[in-house]
Amino acid sequence: MEKYSNGFKIEAAPKRVGESRIYINTVEDIKALERLIVYCYDKMCLKEGIDKVSGLKIVT
């Protein structure tokens, strides 16, 4: 997952809130995390057996 994080700090999260968490400073940081968000979305779709939406893109 780190290869998609664009240099942001990622750490394990308590199981009750998910698998990991990432720290951001501004809303603009979300755009820098687009690759990570898409990667996690794809991973979740595979895990849940969900057809993923084609062309997912973050618009800011």
# chains A, B, ... in the order shown; residues from 1 in each chain; ligands from 1
>>> residues_around(residues="Glu11 (chain A)", least_positions_apart="5", cutoff="10 Å", atoms="only C-alpha atoms", output="list of chain:residue names")
A:Glu2, A:Glu19, A:Ser20, A:Arg21, A:Ile22, A:Tyr23
>>> write_last_selection(atoms="N, CA and C atoms", output="short mmCIF file (atom, residue, chain, number, x, y, z; two decimals), in the first residue's frame")
data_model
loop_
_atom_site.label_atom_id
_atom_site.label_comp_id
_atom_site.auth_asym_id
_atom_site.auth_seq_id
_atom_site.Cartn_x
_atom_site.Cartn_y
_atom_site.Cartn_z
N GLU A 2 2.05 1.20 0.60
CA GLU A 2 2.92 2.37 0.68
C GLU A 2 3.30 2.91 -0.70
N GLU A 19 -8.62 -1.34 8.58
CA GLU A 19 -7.33 -1.99 8.54
C GLU A 19 -6.16 -1.03 8.72
N SER A 20 -6.28 0.16 8.19
CA SER A 20 -5.19 1.12 8.28
C SER A 20 -5.75 2.53 8.28
N ARG A 21 -4.88 3.47 8.63
CA ARG A 21 -5.28 4.88 8.55
C ARG A 21 -4.12 5.67 7.98
N ILE A 22 -4.47 6.79 7.39
CA ILE A 22 -3.47 7.65 6.77
C ILE A 22 -3.73 9.07 7.26
N TYR A 23 -2.66 9.80 7.50
CA TYR A 23 -2.77 11.15 8.03
C TYR A 23 -2.61 12.17 6.92
#
>>> atom_distance(atom1="CA of Tyr39 (chain A)", atom2="CA of Lys9 (chain A)")
16.3 Å
>>> atom_distance(atom1="CA of Ala12 (chain A)", atom2="CA of Leu36 (chain A)")
15.2 Å
